[in-house]
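Below is data.txt, holding compact mmCIF, C-alpha atoms and all ligand atoms.
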```
# COMPACT_ATOMS: atom_id res chain seq x y z
CA MET L 1 -63.67 3.05 31.24
CA ILE L 2 -59.90 2.47 30.83
CA ARG L 3 -57.74 2.78 33.98
CA ALA L 4 -53.94 3.09 33.91
CA LEU L 5 -53.61 0.47 36.68
CA ASP L 6 -55.54 -2.14 34.68
CA VAL L 7 -53.41 -1.48 31.58
CA ILE L 8 -50.20 -1.88 33.63
CA ILE L 9 -51.43 -5.17 35.16
CA LYS L 10 -52.53 -6.47 31.77
CA LYS L 11 -49.05 -5.85 30.32
CA ARG L 12 -47.32 -7.14 33.46
CA ASN L 13 -49.21 -10.42 32.93
CA GLY L 14 -47.96 -10.60 29.35
CA ASN L 15 -51.28 -9.87 27.62
CA ILE L 16 -51.80 -7.90 24.41
CA LEU L 17 -53.11 -4.34 24.84
CA SER L 18 -55.73 -2.85 22.56
CA ASP L 19 -55.07 0.26 20.45
CA SER L 20 -57.41 2.30 22.67
CA GLU L 21 -55.63 1.22 25.87
CA ILE L 22 -52.26 2.27 24.40
CA GLN L 23 -53.69 5.51 23.03
CA PHE L 24 -55.22 6.28 26.45
CA LEU L 25 -51.96 5.66 28.30
CA ILE L 26 -49.85 7.85 26.01
CA SER L 27 -52.26 10.76 25.70
CA GLU L 28 -53.07 10.87 29.41
CA TYR L 29 -49.37 10.62 30.30
CA THR L 30 -48.52 13.48 27.91
CA ASN L 31 -51.31 15.60 29.43
CA GLY L 32 -50.00 14.97 32.94
CA ASN L 33 -52.99 12.88 34.06
CA ILE L 34 -50.95 9.70 34.55
CA PRO L 35 -48.11 10.08 37.07
CA ASP L 36 -44.49 9.12 36.37
CA TYR L 37 -44.62 6.20 38.82
CA GLN L 38 -47.38 4.49 36.85
CA MET L 39 -45.67 5.11 33.52
CA ALA L 40 -42.39 3.78 34.96
CA ALA L 41 -44.22 0.60 36.03
CA PHE L 42 -45.67 0.30 32.52
CA ALA L 43 -42.21 0.75 30.93
CA MET L 44 -40.82 -1.97 33.21
CA ALA L 45 -43.69 -4.29 32.28
CA VAL L 46 -42.85 -3.73 28.59
CA PHE L 47 -39.17 -4.31 29.37
CA PHE L 48 -39.99 -7.81 30.68
CA LYS L 49 -43.01 -8.80 28.57
CA SER L 50 -42.29 -6.98 25.25
CA MET L 51 -44.98 -5.92 22.76
CA SER L 52 -46.49 -7.40 19.61
CA GLY L 53 -46.10 -5.73 16.20
CA ALA L 54 -49.67 -4.41 16.39
CA GLU L 55 -49.09 -2.99 19.89
CA LEU L 56 -45.88 -1.31 18.72
CA SER L 57 -47.61 0.24 15.76
CA ALA L 58 -50.31 1.62 18.14
CA LEU L 59 -47.64 2.89 20.58
CA THR L 60 -45.64 4.58 17.80
CA THR L 61 -48.81 6.12 16.35
CA ALA L 62 -49.87 7.43 19.77
CA MET L 63 -46.43 8.97 20.42
CA LEU L 64 -46.25 10.41 16.90
CA HIS L 65 -49.65 12.11 17.36
CA SER L 66 -48.82 13.38 20.85
CA GLY L 67 -47.46 16.54 19.16
CA SER L 68 -47.07 18.19 15.76
CA THR L 69 -46.04 16.41 12.60
CA LEU L 70 -44.56 17.92 9.48
CA ASP L 71 -46.98 18.07 6.58
CA LEU L 72 -44.82 18.09 3.48
CA SER L 73 -47.65 17.22 1.08
CA SER L 74 -47.51 20.70 -0.51
CA ILE L 75 -43.95 20.03 -1.72
CA SER L 76 -43.73 17.91 -4.84
CA GLY L 77 -41.23 15.07 -4.73
CA VAL L 78 -40.42 12.04 -2.63
CA CYS L 79 -39.01 12.68 0.86
CA VAL L 80 -36.62 10.17 2.40
CA ASP L 81 -34.42 10.24 5.47
CA LYS L 82 -31.81 8.17 7.29
CA HIS L 83 -31.47 7.44 10.99
CA SER L 84 -28.44 5.98 12.73
CA THR L 85 -28.60 4.43 16.17
CA GLY L 86 -25.36 6.31 16.81
CA GLY L 87 -21.76 5.77 17.71
CA VAL L 88 -18.30 7.31 17.62
CA GLY L 89 -17.19 9.33 14.59
CA ASP L 90 -20.59 8.82 12.96
CA LYS L 91 -20.71 11.91 10.75
CA ILE L 92 -22.44 10.09 7.87
CA SER L 93 -25.61 12.23 7.79
CA ILE L 94 -23.57 15.36 7.01
CA PRO L 95 -22.23 14.27 3.59
CA LEU L 96 -25.12 11.85 2.95
CA ALA L 97 -28.06 14.31 3.06
CA PRO L 98 -26.61 16.75 0.46
CA ALA L 99 -25.34 13.87 -1.72
CA VAL L 100 -28.83 12.32 -1.90
CA ALA L 101 -30.43 15.75 -2.45
CA ALA L 102 -27.92 16.38 -5.28
CA CYS L 103 -29.40 13.26 -6.95
CA GLY L 104 -32.84 14.94 -6.94
CA VAL L 105 -34.45 13.38 -3.85
CA LEU L 106 -35.87 15.53 -1.02
CA VAL L 107 -34.12 15.05 2.34
CA PRO L 108 -35.94 16.68 5.29
CA MET L 109 -33.45 15.57 7.93
CA ILE L 110 -34.13 16.20 11.62
CA SER L 111 -31.22 15.24 13.85
CA GLY L 112 -30.32 15.10 17.51
CA ARG L 113 -27.53 16.16 19.85
CA GLY L 114 -24.79 14.00 21.30
CA LEU L 115 -25.32 12.35 24.66
CA GLY L 116 -23.02 10.02 26.60
CA HIS L 117 -20.38 8.40 24.39
CA THR L 118 -22.08 9.24 21.07
CA GLY L 119 -21.82 12.43 19.06
CA GLY L 120 -24.81 14.22 17.52
CA THR L 121 -25.20 15.64 14.01
CA LEU L 122 -26.53 18.98 15.33
CA ASP L 123 -23.47 19.60 17.51
CA LYS L 124 -21.20 18.79 14.58
CA LEU L 125 -23.05 21.13 12.19
CA GLU L 126 -23.15 23.93 14.76
CA SER L 127 -19.36 23.87 14.97
CA ILE L 128 -19.48 25.60 11.54
CA PRO L 129 -19.59 29.34 12.36
CA GLY L 130 -23.16 30.64 11.99
CA PHE L 131 -24.81 27.27 11.20
CA SER L 132 -28.29 27.25 12.74
CA CYS L 133 -30.36 24.08 12.92
CA LYS L 134 -33.31 25.87 14.56
CA LEU L 135 -35.69 26.25 11.65
CA SER L 136 -39.36 27.11 11.98
CA VAL L 137 -41.77 24.78 10.20
CA GLU L 138 -42.27 27.46 7.51
CA GLN L 139 -38.51 27.96 7.00
CA PHE L 140 -38.01 24.19 6.89
CA LYS L 141 -40.62 23.72 4.16
CA LYS L 142 -39.44 26.72 2.16
CA GLN L 143 -35.83 25.52 2.20
CA LEU L 144 -36.83 21.95 1.33
CA ALA L 145 -38.86 23.16 -1.67
CA ALA L 146 -36.06 25.49 -2.83
CA ILE L 147 -32.93 23.40 -2.21
CA GLY L 148 -34.20 19.87 -1.57
CA CYS L 149 -32.46 19.42 1.77
CA CYS L 150 -32.77 20.70 5.36
CA LEU L 151 -30.61 19.82 8.35
CA GLY L 152 -32.85 20.77 11.26
CA SER L 153 -33.26 20.10 14.98
CA GLN L 154 -36.11 18.44 16.75
CA THR L 155 -38.53 20.91 18.26
CA ASP L 156 -40.37 20.50 21.57
CA GLU L 157 -43.58 20.02 19.60
CA ILE L 158 -42.39 16.81 17.88
CA ALA L 159 -43.38 13.61 19.76
CA PRO L 160 -43.53 15.19 23.26
CA ALA L 161 -44.72 11.84 24.68
CA ASP L 162 -41.41 10.29 23.62
CA LYS L 163 -39.43 13.14 25.17
CA LYS L 164 -41.20 12.66 28.51
CA LEU L 165 -41.08 8.87 28.39
CA TYR L 166 -37.40 8.80 27.35
CA ALA L 167 -36.44 11.00 30.31
CA LEU L 168 -38.39 8.67 32.62
CA ARG L 169 -36.81 5.53 31.09
CA ASP L 170 -33.39 7.10 31.58
CA VAL L 171 -33.85 7.12 35.37
CA THR L 172 -35.82 3.88 35.76
CA GLY L 173 -33.56 1.32 34.07
CA THR L 174 -35.84 0.92 31.05
CA ILE L 175 -33.75 2.40 28.22
CA GLU L 176 -32.43 -0.98 26.99
CA SER L 177 -35.78 -2.29 25.81
CA ILE L 178 -35.99 -3.08 22.09
CA PRO L 179 -39.75 -2.31 21.76
CA LEU L 180 -39.36 0.99 23.62
CA ILE L 181 -36.27 2.02 21.64
CA ALA L 182 -37.91 1.06 18.33
CA SER L 183 -41.14 2.99 19.00
CA SER L 184 -39.16 5.98 20.33
CA ILE L 185 -36.98 6.26 17.22
CA MET L 186 -39.80 5.56 14.77
CA SER L 187 -42.25 8.05 16.36
CA LYS L 188 -39.73 10.86 15.86
CA LYS L 189 -38.65 9.88 12.36
CA LEU L 190 -42.16 9.25 11.02
CA SER L 191 -43.30 12.66 12.30
CA GLU L 192 -41.18 14.14 9.46
CA GLY L 193 -43.85 13.10 6.96
CA ILE L 194 -41.37 11.04 4.90
CA GLN L 195 -42.19 8.29 2.40
CA GLY L 196 -39.02 6.27 2.96
CA LEU L 197 -36.59 5.68 5.82
CA VAL L 198 -33.16 4.03 5.87
CA LEU L 199 -32.01 2.82 9.28
CA ASP L 200 -28.32 2.39 10.04
CA VAL L 201 -28.39 0.06 13.04
CA LYS L 202 -24.99 -0.15 14.68
CA PHE L 203 -23.49 -3.12 16.49
CA GLY L 204 -20.14 -3.56 18.22
CA SER L 205 -18.09 -2.03 21.02
CA GLY L 206 -19.20 1.57 20.39
CA ALA L 207 -22.87 0.84 19.65
CA PHE L 208 -25.97 1.11 21.75
CA MET L 209 -26.65 -2.56 20.87
CA ARG L 210 -23.26 -4.25 21.14
CA ASP L 211 -24.47 -7.73 20.26
CA PRO L 212 -25.30 -8.03 16.51
CA LYS L 213 -28.25 -10.30 17.44
CA ASP L 214 -29.81 -7.48 19.49
CA ALA L 215 -29.10 -4.97 16.70
CA TYR L 216 -30.79 -7.36 14.26
CA LEU L 217 -33.87 -7.66 16.45
CA LEU L 218 -34.03 -3.86 16.83
CA ALA L 219 -33.73 -3.47 13.04
CA GLN L 220 -36.49 -6.07 12.42
CA THR L 221 -38.75 -4.34 14.94
CA MET L 222 -38.29 -0.91 13.33
CA VAL L 223 -38.74 -2.20 9.76
CA ASP L 224 -41.97 -3.90 10.88
CA ILE L 225 -43.25 -0.70 12.54
CA GLY L 226 -42.42 1.29 9.36
CA ALA L 227 -44.33 -1.17 7.17
CA ARG L 228 -47.35 -1.23 9.48
CA MET L 229 -47.42 2.57 9.44
CA GLY L 230 -47.11 2.85 5.64
CA THR L 231 -43.52 4.14 5.41
CA GLN L 232 -41.13 2.00 3.40
CA THR L 233 -38.25 1.20 5.72
CA VAL L 234 -35.01 -0.66 5.16
CA ALA L 235 -32.32 -1.34 7.75
CA ARG L 236 -28.60 -1.99 7.36
CA LEU L 237 -26.59 -3.43 10.23
CA THR L 238 -23.16 -1.76 10.29
CA SER L 239 -20.13 -2.18 12.50
CA MET L 240 -19.21 0.19 15.30
CA GLU L 241 -16.22 -1.93 16.37
CA GLN L 242 -14.04 1.15 15.72
CA PRO L 243 -14.73 4.86 15.10
CA ILE L 244 -15.96 5.66 11.60
CA GLY L 245 -13.24 7.22 9.47
CA ILE L 246 -10.22 8.99 10.95
CA MET L 247 -11.82 11.86 12.88
CA ALA L 248 -14.05 11.72 15.95
CA GLY L 249 -15.08 15.01 17.59
CA ASN L 250 -17.39 17.76 16.41
CA SER L 251 -15.41 20.15 14.18
CA LEU L 252 -12.92 17.39 13.23
CA GLU L 253 -15.84 15.43 11.81
CA ILE L 254 -16.93 18.44 9.75
CA CYS L 255 -13.45 18.47 8.11
CA GLU L 256 -13.82 14.77 7.30
CA SER L 257 -17.39 15.23 6.01
CA ILE L 258 -16.17 17.96 3.64
CA ASP L 259 -13.36 15.64 2.52
CA VAL L 260 -16.00 13.01 1.66
CA LEU L 261 -17.95 15.64 -0.31
CA LYS L 262 -14.72 16.48 -2.19
CA GLY L 263 -14.28 12.78 -3.01
CA ILE L 264 -11.23 12.40 -0.76
CA GLY L 265 -12.78 10.91 2.38
CA PRO L 266 -11.57 7.79 4.21
CA LYS L 267 -12.65 4.46 2.70
CA ASP L 268 -15.14 3.32 5.39
CA THR L 269 -16.80 6.75 5.59
CA ASN L 270 -17.18 6.84 1.80
CA GLN L 271 -18.55 3.29 1.71
CA LEU L 272 -21.21 4.13 4.30
CA VAL L 273 -22.29 7.26 2.40
CA ILE L 274 -22.44 5.37 -0.89
CA GLU L 275 -24.31 2.36 0.51
CA LEU L 276 -26.85 4.27 2.63
CA GLY L 277 -27.28 6.85 -0.16
CA ALA L 278 -27.98 4.04 -2.65
CA GLU L 279 -30.66 2.69 -0.26
CA MET L 280 -32.26 6.15 -0.06
CA LEU L 281 -32.31 6.50 -3.85
CA LEU L 282 -33.84 3.03 -4.18
CA LEU L 283 -36.58 3.83 -1.64
CA SER L 284 -37.38 7.05 -3.48
CA LYS L 285 -37.58 5.04 -6.76
CA LYS L 286 -34.96 7.33 -8.31
CA VAL L 287 -33.13 4.13 -9.24
CA SER L 288 -34.36 0.57 -9.70
CA ASN L 289 -31.42 -1.23 -8.11
CA LEU L 290 -28.67 -0.61 -5.56
CA ASP L 291 -25.85 -0.66 -8.12
CA ASP L 292 -27.38 2.28 -9.99
CA GLY L 293 -27.89 4.05 -6.65
CA ARG L 294 -24.23 3.54 -5.70
CA ALA L 295 -23.12 4.86 -9.11
CA GLN L 296 -25.27 8.02 -8.76
CA ILE L 297 -23.94 8.80 -5.28
CA GLN L 298 -20.34 8.20 -6.39
CA ALA L 299 -20.92 10.53 -9.36
CA VAL L 300 -22.16 13.47 -7.24
CA LEU L 301 -19.25 13.02 -4.81
CA LYS L 302 -16.84 13.12 -7.75
CA ASN L 303 -18.36 15.91 -9.86
CA GLY L 304 -18.79 18.40 -6.99
CA LEU L 305 -22.61 18.50 -7.02
CA ALA L 306 -22.89 17.04 -3.49
CA LEU L 307 -20.41 19.61 -2.16
CA GLN L 308 -22.31 22.40 -3.94
CA LYS L 309 -25.55 21.20 -2.31
CA PHE L 310 -23.90 21.20 1.12
CA ILE L 311 -22.72 24.79 0.55
CA GLN L 312 -26.27 25.81 -0.50
CA VAL L 313 -27.78 24.18 2.62
CA GLY L 314 -25.19 25.77 4.92
CA GLU L 315 -25.67 29.23 3.41
CA ALA L 316 -29.46 28.91 3.72
CA GLN L 317 -28.96 28.03 7.38
CA GLY L 318 -26.70 31.03 8.12
CA ALA L 319 -23.28 29.35 7.99
CA ASN L 320 -19.99 30.73 6.80
CA MET L 321 -19.38 28.15 4.08
CA ARG L 322 -15.91 29.47 3.31
CA VAL L 323 -14.97 26.66 5.77
CA VAL L 324 -15.18 24.32 2.79
CA ASP L 325 -11.94 25.80 1.42
CA ASP L 326 -10.41 26.86 4.71
CA TYR L 327 -10.70 24.41 7.62
CA SER L 328 -8.88 26.90 9.89
CA LEU L 329 -12.21 28.80 10.12
CA LEU L 330 -13.57 25.90 12.22
CA PRO L 331 -12.99 25.76 15.99
CA HIS L 332 -9.71 24.04 16.88
CA ALA L 333 -8.40 22.59 20.12
CA GLN L 334 -5.36 24.20 21.72
CA PHE L 335 -3.14 21.10 21.88
CA LYS L 336 -2.47 18.06 19.70
CA LYS L 337 -0.92 15.18 21.64
CA PRO L 338 -0.09 11.70 20.35
CA VAL L 339 -1.04 8.57 22.29
CA PHE L 340 1.77 6.03 21.77
CA ALA L 341 1.47 2.25 21.48
CA PRO L 342 2.73 0.64 24.73
CA LYS L 343 3.96 -2.39 22.74
CA ALA L 344 4.30 -3.68 19.17
CA GLY L 345 1.62 -5.83 17.53
CA PHE L 346 -1.65 -5.90 15.63
CA ILE L 347 -4.63 -3.78 16.67
CA ASN L 348 -7.21 -6.52 17.01
CA SER L 349 -9.99 -4.70 18.78
CA MET L 350 -10.89 -1.34 20.26
CA ASP L 351 -13.12 -0.33 23.11
CA THR L 352 -14.94 2.23 20.97
CA TYR L 353 -17.26 3.12 23.84
CA ALA L 354 -14.18 4.13 25.88
CA LEU L 355 -12.92 6.26 22.97
CA GLY L 356 -16.31 8.00 22.80
CA THR L 357 -16.44 8.69 26.53
CA ALA L 358 -12.82 9.97 26.40
CA ILE L 359 -13.94 12.58 23.83
CA ALA L 360 -16.80 13.51 26.17
CA PHE L 361 -14.29 13.87 29.10
CA LEU L 362 -12.18 16.19 26.93
CA GLY L 363 -15.28 18.40 26.66
CA GLY L 364 -16.55 17.15 23.29
CA GLY L 365 -19.71 15.50 24.63
CA ARG L 366 -22.38 15.76 27.27
CA GLU L 367 -23.26 13.89 30.42
CA LYS L 368 -26.47 15.90 30.87
CA SER L 369 -28.40 17.51 28.04
CA ALA L 370 -27.71 21.02 29.44
CA ASP L 371 -23.88 20.64 29.32
CA ILE L 372 -21.95 22.99 26.99
CA ILE L 373 -19.56 21.27 24.59
CA ASP L 374 -16.11 22.20 23.31
CA PRO L 375 -16.41 21.74 19.51
CA GLY L 376 -12.67 21.59 18.76
CA VAL L 377 -11.65 18.54 20.82
CA GLY L 378 -11.53 14.95 19.64
CA ILE L 379 -9.41 12.10 18.36
CA GLU L 380 -7.62 11.70 15.05
CA MET L 381 -6.96 8.00 14.44
CA CYS L 382 -3.51 7.02 13.15
CA MET L 383 -4.28 3.29 13.25
CA LYS L 384 -7.42 1.34 12.41
CA LEU L 385 -8.32 -2.28 13.18
CA GLY L 386 -5.91 -4.76 11.63
CA SER L 387 -2.98 -2.28 11.53
CA TYR L 388 0.45 -3.29 12.84
CA VAL L 389 2.10 -0.82 15.24
CA GLU L 390 5.63 -0.62 16.56
CA GLU L 391 6.16 0.16 20.22
CA ASN L 392 5.95 3.96 20.74
CA GLN L 393 4.36 4.56 17.35
CA PRO L 394 1.31 6.92 17.59
CA LEU L 395 -2.06 5.18 17.82
CA CYS L 396 -3.94 8.45 17.51
CA ILE L 397 -3.61 12.19 18.06
CA VAL L 398 -5.69 13.70 20.84
CA HIS L 399 -7.01 17.22 20.14
CA SER L 400 -7.45 18.74 23.57
CA SER L 401 -7.96 22.03 25.33
CA GLY L 402 -6.51 20.65 28.58
CA LYS L 403 -9.75 19.50 30.25
CA ASN L 404 -9.39 16.00 31.82
CA GLU L 405 -6.52 15.43 29.41
CA ALA L 406 -4.41 12.95 31.40
CA GLN L 407 -7.43 10.81 32.31
CA ALA L 408 -8.71 10.83 28.71
CA MET L 409 -5.29 9.96 27.24
CA LYS L 410 -4.89 7.02 29.61
CA GLN L 411 -8.36 5.76 28.74
CA ILE L 412 -7.59 6.09 25.02
CA GLU L 413 -4.33 4.14 25.32
CA GLU L 414 -6.13 1.36 27.21
CA ALA L 415 -8.90 1.23 24.59
CA PHE L 416 -6.54 -0.29 21.97
CA ASN L 417 -6.10 -4.05 22.23
CA ILE L 418 -2.69 -4.94 20.71
CA ASN L 419 -1.62 -8.57 20.16
CA ALA L 420 1.17 -10.48 18.42
CA GLU L 421 -1.34 -12.59 16.44
CA LYS L 422 -3.55 -10.85 13.88
CA ILE L 423 -7.26 -11.63 13.90
CA PRO L 424 -9.56 -10.85 10.94
CA VAL L 425 -11.07 -7.34 10.87
CA PRO L 426 -14.88 -7.54 11.22
CA ASN L 427 -16.90 -6.58 8.13
CA LEU L 428 -18.25 -3.02 8.02
CA PHE L 429 -21.63 -4.23 6.71
CA GLY L 430 -23.85 -6.86 8.31
CA PRO L 431 -27.29 -8.03 7.17
CA ARG L 432 -29.80 -5.91 5.22
CA ILE L 433 -33.34 -6.12 6.57
CA THR L 434 -36.39 -5.29 4.50
CA ILE L 435 -40.06 -6.16 4.80
CA GLN L 436 -39.45 -9.02 2.33
CA ASN L 437 -36.91 -10.85 4.52
CA LEU L 438 -38.21 -9.61 7.87
CA ASN L 439 -38.72 -13.01 9.41
CA GLU L 440 -35.38 -14.52 8.47
CA VAL L 441 -33.41 -15.65 11.49
CA PHE L 442 -30.13 -13.92 12.26
CA HIS L 443 -27.25 -15.52 10.41
CA GLY L 444 -24.43 -13.13 11.31
N1 LIG L 501 -32.65 6.76 20.73
C1 LIG L 501 -33.95 7.16 20.79
O1 LIG L 501 -34.35 8.09 20.09
N2 LIG L 501 -34.76 6.52 21.64
C2 LIG L 501 -34.37 5.49 22.42
O2 LIG L 501 -35.15 4.95 23.15
C3 LIG L 501 -33.01 5.09 22.34
C4 LIG L 501 -32.17 5.75 21.47
```

Could you write out this structure as structure tokens?
Ligand code: URA
Amino acid sequence: MIRALDVIIKKRNGNILSDSEIQFLISEYTNGNIPDYQMAAFAMAVFFKSMSGAELSALTTAMLHSGSTLDLSSISGVCVDKHSTGGVGDKISIPLAPAVAACGVLVPMISGRGLGHTGGTLDKLESIPGFSCKLSVEQFKKQLAAIGCCLGSQTDEIAPADKKLYALRDVTGTIESIPLIASSIMSKKLSEGIQGLVLDVKFGSGAFMRDPKDAYLLAQTMVDIGARMGTQTVARLTSMEQPIGIMAGNSLEICESIDVLKGIGPKDTNQLVIELGAEMLLLSKKVSNLDDGRAQIQAVLKNGLALQKFIQVGEAQGANMRVVDDYSLLPHAQFKKPVFAPKAGFINSMDTYALGTAIAFLGGGREKSADIIDPGVGIEMCMKLGSYVEENQPLCIVHSSGKNEAQAMKQIEEAFNINAEKIPVPNLFGPRITIQNLNEVFHG
């Protein structure tokens, strides 16, 4: 007979757990037969002693089967998705999903809400009047078969073990554990019944994993789990040393996403859509190399097919897609106030985490999952890394409705590091991790 206490002690002592021990722990915890205090002790043991690849595959499988999974086998075509570990101004999923679908690949995307300093795709989409991400399984499948793309929300039935364990980790100091993060993300993504997954693993001042070495290890761990569970997975490390694009904030990011779909988006936002889209096309075997993938994504951004697909998806999900031609139909903040540079010099770094939390203070994000957000607030960047500013030149424009405005503006001003000497701007793209190069050591 397996006992929770023995499993905890075994992991505390650094031993490898069997599949049945892991399965027991997760299913009994989900059913309420293992108390939070024992699961918290287990999470802390994993935090200090880690888990092997085989243990992580068993943990992910157990969490994935703790609830419902999407069975998309009745829909013909290859399904691929993308997951980002999150950051500030990360609106990439919004133009990416329709662009990939416009190339003929199915994209059953299930996204989350913003929490803490990061925004969430669902909150951004729901700033479009009428847009509903709450799709039943039947609606989801019907839309995917008809249009090739869904932008849905996670239901309570998907990976309930992860939901319960994540909430427990949040209050027991066990969030920052690479094996627990990797199995948490992968259990949710693989429940979508996809054949391929592209992971955008962020590093830098606005990322969950600030140190690129940690981001690399997280990426390796998730690619390994994907391979063990039969889903082709590729990870790209990308920089979150500054917000992505110009706009950060829910409805502001919708404007920028539509700009990308019209072929007029900011350079870094476009590059991310093209690169991650090319990876999705390669995984789906729509193309045989990344260059062809990049060319196909660029073509649908230029010829309007990606925008058309976005309009189709929005209309299917109840949205007023006249927003595409008239951004004034989106929620707007009451005031626009510039934050001025306190001195002249080069913008050498930004505290992107502080920019993200400033947006949350303005009302654009949540501290607790039940908080209501103000979709119109955010930041419009006037300067990116490497830019030279004169004293009193605007660094950014704050879109505010008055809430915590003075505190947020001060925090935003202090987030810009301005120096007389210019330092090189970090690259947007770091290493690419696939099952073929999984065991390479980090080389920056
Ligand atoms: N995101 C997740 O989904 N899970 C984690 O554990 C951390 C970030």

Produce as a list in words the set of residues near ligand LIG 501 (chain L), where near means within 7 Å with only C-alpha atoms and all ligand atoms considered.
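So, counting only C-alpha atoms and all ligand atoms, the residues near ligand LIG 501 (chain L) are Thr85, Tyr166, Ile175, Leu180, Ile181, Ala182, Ser184 and Ile185 of chain L.
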
Which residues, written as a PyMOL selection string, have at least one atom at most 12 Å from L:Glu275, with all atoms listed in the file counted and residues fewer than 3 positions away on the same chain left out?
chain L and resi 82+92+96+99-100+198-200+235-238+268-272+278-282+289-298+428-429+432

So which residues touch L:Ser191 within 9 Å, counting all atoms listed in the file, skipping near sequence neighbours fewer than 3 positions away, as a VMD selection string?
chain L and resid 64 to 65 67 to 71 158 to 159 186 to 188 194

Export, as a short mmCIF file (atom, residue, chain, number, x, y, z; two decimals), in the frame of the given file, the selected residues with C-alpha atoms.
```cif
data_model
loop_
_atom_site.label_atom_id
_atom_site.label_comp_id
_atom_site.auth_asym_id
_atom_site.auth_seq_id
_atom_site.Cartn_x
_atom_site.Cartn_y
_atom_site.Cartn_z
CA LEU L 64 -46.25 10.41 16.90
CA HIS L 65 -49.65 12.11 17.36
CA GLY L 67 -47.46 16.54 19.16
CA SER L 68 -47.07 18.19 15.76
CA THR L 69 -46.04 16.41 12.60
CA LEU L 70 -44.56 17.92 9.48
CA ASP L 71 -46.98 18.07 6.58
CA ILE L 158 -42.39 16.81 17.88
CA ALA L 159 -43.38 13.61 19.76
CA MET L 186 -39.80 5.56 14.77
CA SER L 187 -42.25 8.05 16.36
CA LYS L 188 -39.73 10.86 15.86
CA ILE L 194 -41.37 11.04 4.90
#
```

Using only C-alpha atoms: which of L:Val171, L:Ala58, L:Val88, L:Met321 has the shortest distance to L:Met381:
L:Val88

Atom CA of L:Ala207 to atom CA of L:Gly86, distance in Å rounded to a single decimal:
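These two atoms are separated by 6.6 Å.
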
Which residues come within 10 Å of L:Pro266, counting all atoms listed in the file, excluding same-chain residues fewer than 2 positions away, as a ChimeraX atom specification?
/L:244-247,256-257,259-260,263-264,268-271

Rounded to one decimal in Å, what is the spacing between atom CA of L:Ile2 and atom CA of L:Gly173?
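Computing the Euclidean distance for atom CA of L:Ile2 and atom CA of L:Gly173 yields 26.6 Å.
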
Which of L:Tyr37, L:Phe42, L:Pro426, L:Val377 sits closest to L:Val7 [using only C-alpha atoms]
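Checking each of L:Tyr37, L:Phe42, L:Pro426, L:Val377 against L:Val7, counting only C-alpha atoms, the winner is L:Phe42.
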
Pull the neighbourhood of (-25.0, 19.1, 15.5) for me: all residues within 10 Å in file coordinates, counting all atoms listed in the file, as an MDAnalysis selection string.
chainID L and resid 91 94 111:114 119:128 131:133 151:153 250:251 254 375

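Shortest atom-to-atom contact with L:Met109 among L:Ile435, L:Val313, L:Ala306, L:Met39: L:Val313, counting only C-alpha atoms.
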
Which residues come within 10 Å of L:Pro424, counting all atoms listed in the file, excluding same-chain residues fewer than 5 positions away, as a list of chain:residue names?
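After dropping sequence-adjacent residues, the list is L:Asn348, L:Ser349, L:Leu385, L:Gly386.
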
Considering all atoms listed in the file, can you say which of L:Leu252, L:Phe208, L:Ala54, L:Ala341 comes closest to L:Glu176?
L:Phe208

Around (-9.2, 10.9, 30.8) in the file's own coordinates, what residues are found within 9 Å if you use all atoms listed in the file, given back as a PDB file with C-alpha atoms, in the frame of the given file?
```
ATOM      1  CA  THR L 357     -16.440   8.690  26.530  1.00  0.00           C
ATOM      2  CA  ALA L 358     -12.820   9.970  26.400  1.00  0.00           C
ATOM      3  CA  ILE L 359     -13.940  12.580  23.830  1.00  0.00           C
ATOM      4  CA  PHE L 361     -14.290  13.870  29.100  1.00  0.00           C
ATOM      5  CA  LEU L 362     -12.180  16.190  26.930  1.00  0.00           C
ATOM      6  CA  LYS L 403      -9.750  19.500  30.250  1.00  0.00           C
ATOM      7  CA  ASN L 404      -9.390  16.000  31.820  1.00  0.00           C
ATOM      8  CA  GLU L 405      -6.520  15.430  29.410  1.00  0.00           C
ATOM      9  CA  ALA L 406      -4.410  12.950  31.400  1.00  0.00           C
ATOM     10  CA  GLN L 407      -7.430  10.810  32.310  1.00  0.00           C
ATOM     11  CA  ALA L 408      -8.710  10.830  28.710  1.00  0.00           C
ATOM     12  CA  MET L 409      -5.290   9.960  27.240  1.00  0.00           C
ATOM     13  CA  LYS L 410      -4.890   7.020  29.610  1.00  0.00           C
ATOM     14  CA  GLN L 411      -8.360   5.760  28.740  1.00  0.00           C
ATOM     15  CA  ILE L 412      -7.590   6.090  25.020  1.00  0.00           C
TER      16      ILE L 412
END
```

Report the distance between atom CA of L:Leu283 and atom CA of L:Val78 in Å, rounded to one decimal place.
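Those two atoms sit 9.1 Å apart.
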
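Checking L:Met44, L:Pro338, L:Met229, L:Cys150 one by one against L:Glu138, counting only C-alpha atoms, you find the shortest gap at L:Cys150.
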
Hey, which of L:Asp19, L:Glu192, L:Asp162, L:Asp351 ends up closest to L:Lys141? Count only C-alpha atoms.
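Of all the options, L:Glu192 lies closest to L:Lys141.
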
Just want the 9 Å neighbourhood of L:Leu5, counted on all atoms listed in the file, with same-chain residues fewer than 4 positions away dropped. Output as a ChimeraX atom specification.
/L:9-10,38,42
